[in-house]
$ cat structure_10.pdb   # PDB, C-alpha atoms
ATOM      1  CA  MET C  11       0.000   0.000   0.000
ATOM      2  CA  ASP C  12       1.051   3.564  -0.565
ATOM      3  CA  THR C  13       1.007   5.403   2.757
ATOM      4  CA  THR C  14       2.121   8.796   1.448
ATOM      5  CA  GLY C  15      -1.307  10.346   2.098
ATOM      6  CA  LEU C  16      -1.611   8.745   5.515
ATOM      7  CA  ARG C  17       1.823   9.967   6.575
ATOM      8  CA  ALA C  18       1.007  13.486   5.344
ATOM      9  CA  ALA C  19      -2.307  13.472   7.226
ATOM     10  CA  TYR C  20      -0.558  12.460  10.461
ATOM     11  CA  ASP C  21       2.198  15.056   9.953
ATOM     12  CA  ARG C  22      -0.445  17.778   9.678
ATOM     13  CA  LEU C  23      -2.390  16.479  12.674
ATOM     14  CA  LEU C  24       0.730  16.220  14.828
ATOM     15  CA  ASP C  25       1.751  19.776  13.922
ATOM     16  CA  VAL C  26      -1.666  21.000  15.021
ATOM     17  CA  ALA C  27      -1.630  18.868  18.187
ATOM     18  CA  ALA C  28       1.629  20.563  19.211
ATOM     19  CA  MET C  29       0.001  24.020  19.192
ATOM     20  CA  SER C  30      -0.083  25.597  22.620
ATOM     21  CA  ASP C  31      -3.377  27.448  22.174
ATOM     22  CA  LEU C  32      -5.790  24.505  22.121
ATOM     23  CA  GLY C  33      -8.679  25.048  24.518
ATOM     24  CA  ASP C  34     -11.915  23.217  25.169
ATOM     25  CA  ALA C  35     -14.728  22.640  22.709
ATOM     26  CA  ASP C  36     -17.468  25.272  22.835
ATOM     27  CA  ASP C  37     -20.098  22.584  22.368
ATOM     28  CA  GLY C  38     -18.916  20.346  25.210
ATOM     29  CA  GLY C  39     -17.186  17.987  22.766
ATOM     30  CA  TRP C  40     -13.811  16.365  23.172
ATOM     31  CA  ASN C  41     -10.771  18.318  24.239
ATOM     32  CA  ALA C  42      -7.388  17.848  22.543
ATOM     33  CA  ASP C  43      -6.285  15.055  24.883
ATOM     34  CA  GLN C  44      -9.488  13.124  24.253
ATOM     35  CA  ILE C  45      -9.057  13.509  20.488
ATOM     36  CA  LEU C  46      -5.489  12.196  20.707
ATOM     37  CA  ALA C  47      -6.586   9.301  22.927
ATOM     38  CA  HIS C  48      -9.320   8.453  20.433
ATOM     39  CA  LEU C  49      -6.781   8.420  17.599
ATOM     40  CA  LEU C  50      -4.436   6.202  19.615
ATOM     41  CA  SER C  51      -7.270   3.736  20.196
ATOM     42  CA  VAL C  52      -8.410   3.688  16.559
ATOM     43  CA  ASP C  53      -4.882   3.386  15.196
ATOM     44  CA  ALA C  54      -4.045   0.487  17.501
ATOM     45  CA  ALA C  55      -7.237  -1.289  16.445
ATOM     46  CA  VAL C  56      -6.551  -0.795  12.718
ATOM     47  CA  ALA C  57      -2.945  -1.977  13.151
ATOM     48  CA  ALA C  58      -4.207  -5.044  15.023
ATOM     49  CA  VAL C  59      -6.685  -5.782  12.231
ATOM     50  CA  ALA C  60      -3.956  -5.449   9.592
ATOM     51  CA  LEU C  61      -1.610  -7.745  11.520
ATOM     52  CA  GLY C  62      -4.463 -10.208  12.018
ATOM     53  CA  VAL C  63      -5.117 -10.304   8.292
ATOM     54  CA  VAL C  64      -1.418 -10.915   7.612
ATOM     55  CA  ALA C  65      -1.436 -13.684  10.221
ATOM     56  CA  GLY C  66      -4.290 -15.400   8.403
ATOM     57  CA  SER C  67      -7.103 -14.639  10.796
ATOM     58  CA  ARG C  68     -10.188 -12.719   9.796
ATOM     59  CA  PRO C  69     -10.516  -9.966  12.385
ATOM     60  CA  THR C  70     -13.271  -7.410  12.637
ATOM     61  CA  PHE C  71     -13.063  -3.669  13.200
ATOM     62  CA  ASP C  72     -15.372  -1.994  15.705
ATOM     63  CA  ASN C  73     -14.609   1.555  16.791
ATOM     64  CA  ARG C  74     -16.967   1.702  19.777
ATOM     65  CA  ILE C  75     -14.165   1.263  22.337
ATOM     66  CA  SER C  76     -12.405   4.294  20.836
ATOM     67  CA  LEU C  77     -15.490   6.392  21.626
ATOM     68  CA  ASP C  78     -15.907   5.166  25.199
ATOM     69  CA  PRO C  79     -15.189   7.954  27.728
ATOM     70  CA  TRP C  80     -13.754   5.487  30.262
ATOM     71  CA  ASN C  81     -11.290   4.154  27.690
ATOM     72  CA  LEU C  82     -10.276   7.649  26.583
ATOM     73  CA  ASP C  83      -9.692   8.653  30.214
ATOM     74  CA  ARG C  84      -7.623   5.494  30.749
ATOM     75  CA  ILE C  85      -5.420   6.269  27.745
ATOM     76  CA  ILE C  86      -4.971   9.885  28.863
ATOM     77  CA  ALA C  87      -4.065   8.790  32.412
ATOM     78  CA  GLU C  88      -1.330   6.509  31.041
ATOM     79  CA  HIS C  89       0.472   9.527  29.566
ATOM     80  CA  ALA C  90       2.341  12.415  31.173
ATOM     81  CA  GLY C  91       0.435  15.147  29.359
ATOM     82  CA  ARG C  92      -0.310  16.227  25.814
ATOM     83  CA  ALA C  93       3.319  16.119  24.659
ATOM     84  CA  ASP C  94       3.514  12.475  25.737
ATOM     85  CA  LEU C  95       0.197  11.668  24.032
ATOM     86  CA  THR C  96       1.443  13.354  20.863
ATOM     87  CA  ALA C  97       4.776  11.508  20.951
ATOM     88  CA  HIS C  98       2.956   8.208  21.402
ATOM     89  CA  LEU C  99       0.604   9.012  18.533
ATOM     90  CA  ARG C 100       3.584   9.859  16.296
ATOM     91  CA  SER C 101       5.237   6.547  17.158
ATOM     92  CA  GLN C 102       2.047   4.571  16.698
ATOM     93  CA  ALA C 103       1.264   6.263  13.371
ATOM     94  CA  ASP C 104       4.737   5.240  12.206
ATOM     95  CA  VAL C 105       3.994   1.644  13.212
ATOM     96  CA  LEU C 106       0.633   1.664  11.443
ATOM     97  CA  CYS C 107       2.199   3.094   8.275
ATOM     98  CA  ALA C 108       5.031   0.543   8.417
ATOM     99  CA  ILE C 109       2.481  -2.270   8.636
ATOM    100  CA  ALA C 110       0.443  -0.821   5.764
ATOM    101  CA  ASP C 111       3.609  -0.369   3.682
ATOM    102  CA  GLN C 112       4.139  -4.138   3.907
ATOM    103  CA  LEU C 113       0.644  -5.157   2.830
ATOM    104  CA  GLY C 114       0.445  -6.839  -0.530
ATOM    105  CA  GLU C 115      -2.594  -6.581  -2.767
ATOM    106  CA  PRO C 116      -4.172  -9.846  -1.550
ATOM    107  CA  ALA C 117      -4.033  -8.758   2.107
ATOM    108  CA  ALA C 118      -5.165  -5.213   1.287
ATOM    109  CA  ALA C 119      -8.184  -6.649  -0.540
ATOM    110  CA  VAL C 120      -9.363  -8.818   2.389
ATOM    111  CA  LEU C 121     -12.854  -7.791   3.452
ATOM    112  CA  VAL C 122     -12.985  -6.754   7.108
ATOM    113  CA  PRO C 123     -16.397  -6.735   8.799
ATOM    114  CA  SER C 124     -16.550  -3.178  10.132
ATOM    115  CA  LEU C 125     -18.769  -1.266  12.523
ATOM    116  CA  LEU C 126     -18.142   2.485  12.641
ATOM    117  CA  LEU C 127     -19.980   4.979  14.783
ATOM    118  CA  SER C 128     -19.533   8.728  14.962
ATOM    119  CA  GLY C 129     -20.938   9.788  18.279
ATOM    120  CA  ASP C 130     -24.216   7.882  18.408
ATOM    121  CA  GLU C 131     -24.635   7.815  14.627
ATOM    122  CA  LEU C 132     -24.046   4.602  12.670
ATOM    123  CA  VAL C 133     -21.674   5.397   9.811
ATOM    124  CA  LEU C 134     -20.843   1.924   8.522
ATOM    125  CA  ASP C 135     -21.911  -1.631   9.246
ATOM    126  CA  GLN C 136     -20.542  -3.814   6.457
ATOM    127  CA  PRO C 137     -17.343  -5.472   5.303
ATOM    128  CA  VAL C 138     -14.773  -3.182   3.675
ATOM    129  CA  PRO C 139     -11.393  -4.019   2.141
ATOM    130  CA  LEU C 140      -8.533  -3.593   4.590
ATOM    131  CA  ALA C 141      -7.021  -1.011   2.227
ATOM    132  CA  ALA C 142     -10.225   1.062   2.412
ATOM    133  CA  LEU C 143     -10.137   0.946   6.197
ATOM    134  CA  ILE C 144      -6.568   2.273   6.198
ATOM    135  CA  ASP C 145      -7.165   4.768   3.390
ATOM    136  CA  GLY C 146     -10.204   6.036   5.281
ATOM    137  CA  LEU C 147      -7.876   7.173   8.033
ATOM    138  CA  ALA C 148      -5.919   9.316   5.555
ATOM    139  CA  GLU C 149      -8.855  10.595   3.566
ATOM    140  CA  ASP C 150     -11.374  11.283   6.322
ATOM    141  CA  HIS C 151     -10.598  10.274   9.898
ATOM    142  CA  VAL C 152      -7.267  11.984  10.532
ATOM    143  CA  PRO C 153      -8.164  15.187   8.607
ATOM    144  CA  ARG C 154     -11.501  15.391  10.438
ATOM    145  CA  HIS C 155      -9.766  15.240  13.807
ATOM    146  CA  THR C 156      -7.126  17.695  12.618
ATOM    147  CA  GLN C 157      -9.929  20.154  11.917
ATOM    148  CA  GLN C 158     -11.492  19.331  15.260
ATOM    149  CA  LEU C 159      -8.177  20.264  16.929
ATOM    150  CA  LEU C 160      -7.965  23.469  14.893
ATOM    151  CA  ASP C 161     -11.475  24.331  16.060
ATOM    152  CA  LEU C 162     -10.177  24.188  19.642
ATOM    153  CA  ARG C 163      -7.754  27.055  19.082
ATOM    154  CA  VAL C 164      -8.365  29.862  21.523
ATOM    155  CA  ALA C 165      -8.765  33.275  19.959
ATOM    156  CA  VAL C 166      -6.216  35.711  21.318
ATOM    157  CA  PRO C 167      -7.792  39.105  22.048
ATOM    158  CA  GLU C 168      -6.405  41.934  19.948
ATOM    159  CA  ARG C 169      -4.589  44.725  21.723
ATOM    160  CA  ALA C 170      -6.138  48.166  21.581
TER     161      ALA C 170
END
$ encode --input "structure_10.pdb" --output "structure tokens"
Amino acid sequence: MDTTGLRAAYDRLLDVAAMSDLGDADDGGWNADQILAHLLSVDAAVAAVALGVVAGSRPTFDNRISLDPWNLDRIIAEHAGRADLTAHLRSQADVLCAIADQLGEPAAAVLVPSLLLSGDELVLDQPVPLAALIDGLAEDHVPRHTQQLLDLRVAVPERA
């Protein structure tokens, strides 16, 4: 698989995550740490699915655990702040991309039964090729959370 787009999406997200002016969501949504924890959970699950396919098993992908507040809090508590979360995400993104780089066409074409929710909304409940699951991170998931982080930027008042 070509992971150029995925690597670029993570580079952009990690640059934004390193910004010092990220506040809380106006609508009560996730803060930056929760977004990073969510990404860590999703990325680990996708990497596990990819490795499972390579191993010959037929894993499933279900993102519900990556939406669970308890799980997000657990992931956050295991890190020493946002810089540590960001460093872990960078490392894990590298691992995911390295796995995807090694996937041949037969493995990338394996259909993975997938259940995807966004909040409480069902987004997908059907098998998708492993490549589509990984490409979806680059094309939608990572950019969406990059924008979500950008939306958390605190406006600095102008001086009179």
$ resolve_selection --input "structure_10.pdb" --expression "the PyMOL selection byres ((chain C and resi 113) around 12)" --output "ChimeraX atom specification"
/C:11-13,57,59-65,106-112,114-120,140-141,144
$ residues_around --input "structure_10.pdb" --residues "Ile86 in chain C" --least-positions-apart "5" --cutoff "9 Å" --atoms "only C-alpha atoms" --output "ChimeraX atom specification"
/C:43-44,46-47,81,91-92,95
$ closest_residue --input "structure_10.pdb" --among "C:Ala18, C:Ala35, C:Val52, C:Ala27" --to "Asp161 in chain C" --atoms "only C-alpha atoms"
C:Ala35
$ atom_distance --input "structure_10.pdb" --atom1 "CA of Ser124 in chain C" --atom2 "CA of Gly146 in chain C"
12.2 Å
$ residues_near_point --input "structure_10.pdb" --point "(-16.6, -3.1, 6.9)" --cutoff "8 Å" --atoms "only C-alpha atoms" --output "list in words"
Thr70, Phe71, Leu121, Val122, Pro123, Ser124, Leu125, Leu134, Asp135, Gln136, Pro137, Val138, Pro139 and Leu143 of chain C
$ closest_residue --input "structure_10.pdb" --among "C:Ala54, C:Leu127, C:Ala93, C:Ala142" --to "Asp78 in chain C" --atoms "only C-alpha atoms"
C:Leu127
$ resolve_selection --input "structure_10.pdb" --expression "the PyMOL selection byres ((chain C and resi 129) around 12)" --output "PyMOL selection string"
chain C and resi 39-40+48+73-79+126-128+130-133
$ atom_distance --input "structure_10.pdb" --atom1 "CA of Ala87 in chain C" --atom2 "CA of Gln102 in chain C"
17.4 Å
$ atom_distance --input "structure_10.pdb" --atom1 "CA of Asp53 in chain C" --atom2 "CA of Val164 in chain C"
27.4 Å
$ residues_around --input "structure_10.pdb" --residues "Gln158 in chain C" --least-positions-apart "2" --cutoff "9 Å" --atoms "all atoms listed in the file" --output "PyMOL selection string"
chain C and resi 35+40+42+45+153-156+160-162
$ write_last_selection --input "structure_10.pdb" --atoms "C-alpha atoms" --output "CSV table (one decimal), in the frame of the given file"
chain,number,residue,atom,x,y,z
C,35,ALA,CA,-14.7,22.6,22.7
C,40,TRP,CA,-13.8,16.4,23.2
C,42,ALA,CA,-7.4,17.8,22.5
C,45,ILE,CA,-9.1,13.5,20.5
C,153,PRO,CA,-8.2,15.2,8.6
C,154,ARG,CA,-11.5,15.4,10.4
C,155,HIS,CA,-9.8,15.2,13.8
C,156,THR,CA,-7.1,17.7,12.6
C,160,LEU,CA,-8.0,23.5,14.9
C,161,ASP,CA,-11.5,24.3,16.1
C,162,LEU,CA,-10.2,24.2,19.6
$ resolve_selection --input "structure_10.pdb" --expression "the PyMOL selection byres ((chain C and resi 100) around 10)" --output "ChimeraX atom specification"
/C:17,20-21,23-24,50,94-99,101-106
$ write_last_selection --input "structure_10.pdb" --atoms "C-alpha atoms" --output "tab-separated table (two decimals), in the coordinates of the input"
chain	number	residue	atom	x	y	z
C	17	ARG	CA	1.82	9.97	6.58
C	20	TYR	CA	-0.56	12.46	10.46
C	21	ASP	CA	2.20	15.06	9.95
C	23	LEU	CA	-2.39	16.48	12.67
C	24	LEU	CA	0.73	16.22	14.83
C	50	LEU	CA	-4.44	6.20	19.61
C	94	ASP	CA	3.51	12.48	25.74
C	95	LEU	CA	0.20	11.67	24.03
C	96	THR	CA	1.44	13.35	20.86
C	97	ALA	CA	4.78	11.51	20.95
C	98	HIS	CA	2.96	8.21	21.40
C	99	LEU	CA	0.60	9.01	18.53
C	101	SER	CA	5.24	6.55	17.16
C	102	GLN	CA	2.05	4.57	16.70
C	103	ALA	CA	1.26	6.26	13.37
C	104	ASP	CA	4.74	5.24	12.21
C	105	VAL	CA	3.99	1.64	13.21
C	106	LEU	CA	0.63	1.66	11.44
$ residues_near_point --input "structure_10.pdb" --point "(-9.2, 7.9, 14.4)" --cutoff "6 Å" --atoms "all atoms listed in the file" --output "PyMOL selection string"
chain C and resi 49+52+151-152
$ closest_residue --input "structure_10.pdb" --among "C:Ala55, C:Thr14, C:Leu82, C:Arg163" --to "Gly33 in chain C" --atoms "all atoms listed in the file"
C:Arg163
$ decode --input "structure_10.pdb" --residues "range 137-163 of chain C" --atoms "N, CA and C atoms" --output "compact mmCIF listing (two decimals), in the first residue's frame"
# COMPACT_ATOMS: atom_id res chain seq x y z
N PRO C 137 -18.74 -5.17 5.59
CA PRO C 137 -17.34 -5.47 5.30
C PRO C 137 -16.76 -4.46 4.31
N VAL C 138 -15.51 -4.06 4.58
CA VAL C 138 -14.77 -3.18 3.68
C VAL C 138 -13.38 -3.78 3.49
N PRO C 139 -12.77 -3.54 2.33
CA PRO C 139 -11.39 -4.02 2.14
C PRO C 139 -10.47 -3.37 3.17
N LEU C 140 -9.49 -4.12 3.63
CA LEU C 140 -8.53 -3.59 4.59
C LEU C 140 -7.92 -2.29 4.08
N ALA C 141 -7.60 -2.23 2.80
CA ALA C 141 -7.02 -1.01 2.23
C ALA C 141 -7.96 0.18 2.40
N ALA C 142 -9.26 -0.03 2.26
CA ALA C 142 -10.22 1.06 2.41
C ALA C 142 -10.29 1.52 3.86
N LEU C 143 -10.14 0.59 4.79
CA LEU C 143 -10.14 0.95 6.20
C LEU C 143 -8.93 1.85 6.50
N ILE C 144 -7.78 1.48 5.98
CA ILE C 144 -6.57 2.27 6.20
C ILE C 144 -6.64 3.58 5.43
N ASP C 145 -7.05 3.54 4.18
CA ASP C 145 -7.16 4.77 3.39
C ASP C 145 -8.18 5.73 3.99
N GLY C 146 -9.21 5.19 4.63
CA GLY C 146 -10.20 6.04 5.28
C GLY C 146 -9.61 6.89 6.40
N LEU C 147 -8.56 6.37 7.02
CA LEU C 147 -7.88 7.17 8.03
C LEU C 147 -7.27 8.41 7.39
N ALA C 148 -6.60 8.21 6.24
CA ALA C 148 -5.92 9.32 5.55
C ALA C 148 -6.89 10.29 4.92
N GLU C 149 -7.95 9.77 4.35
CA GLU C 149 -8.85 10.59 3.57
C GLU C 149 -9.93 11.29 4.39
N ASP C 150 -10.27 10.72 5.55
CA ASP C 150 -11.37 11.28 6.32
C ASP C 150 -11.05 11.41 7.80
N HIS C 151 -10.69 10.31 8.44
CA HIS C 151 -10.60 10.27 9.90
C HIS C 151 -9.55 11.23 10.46
N VAL C 152 -8.33 11.12 10.00
CA VAL C 152 -7.27 11.98 10.53
C VAL C 152 -7.52 13.45 10.16
N PRO C 153 -7.86 13.78 8.91
CA PRO C 153 -8.16 15.19 8.61
C PRO C 153 -9.35 15.74 9.42
N ARG C 154 -10.34 14.92 9.65
CA ARG C 154 -11.50 15.39 10.44
C ARG C 154 -11.07 15.76 11.85
N HIS C 155 -10.21 14.93 12.45
CA HIS C 155 -9.77 15.24 13.81
C HIS C 155 -8.73 16.36 13.82
N THR C 156 -8.01 16.53 12.73
CA THR C 156 -7.13 17.69 12.62
C THR C 156 -7.96 18.97 12.66
N GLN C 157 -9.04 18.99 11.91
CA GLN C 157 -9.93 20.15 11.92
C GLN C 157 -10.56 20.34 13.28
N GLN C 158 -10.91 19.25 13.92
CA GLN C 158 -11.49 19.33 15.26
C GLN C 158 -10.49 19.99 16.22
N LEU C 159 -9.20 19.62 16.11
CA LEU C 159 -8.18 20.26 16.93
C LEU C 159 -8.05 21.75 16.59
N LEU C 160 -8.05 22.06 15.31
CA LEU C 160 -7.96 23.47 14.89
C LEU C 160 -9.13 24.28 15.45
N ASP C 161 -10.30 23.65 15.52
CA ASP C 161 -11.48 24.33 16.06
C ASP C 161 -11.35 24.61 17.56
N LEU C 162 -10.39 23.97 18.21
CA LEU C 162 -10.18 24.19 19.64
C LEU C 162 -9.23 25.36 19.92
N ARG C 163 -8.69 25.94 18.87
CA ARG C 163 -7.75 27.06 19.08
C ARG C 163 -8.48 28.21 19.77
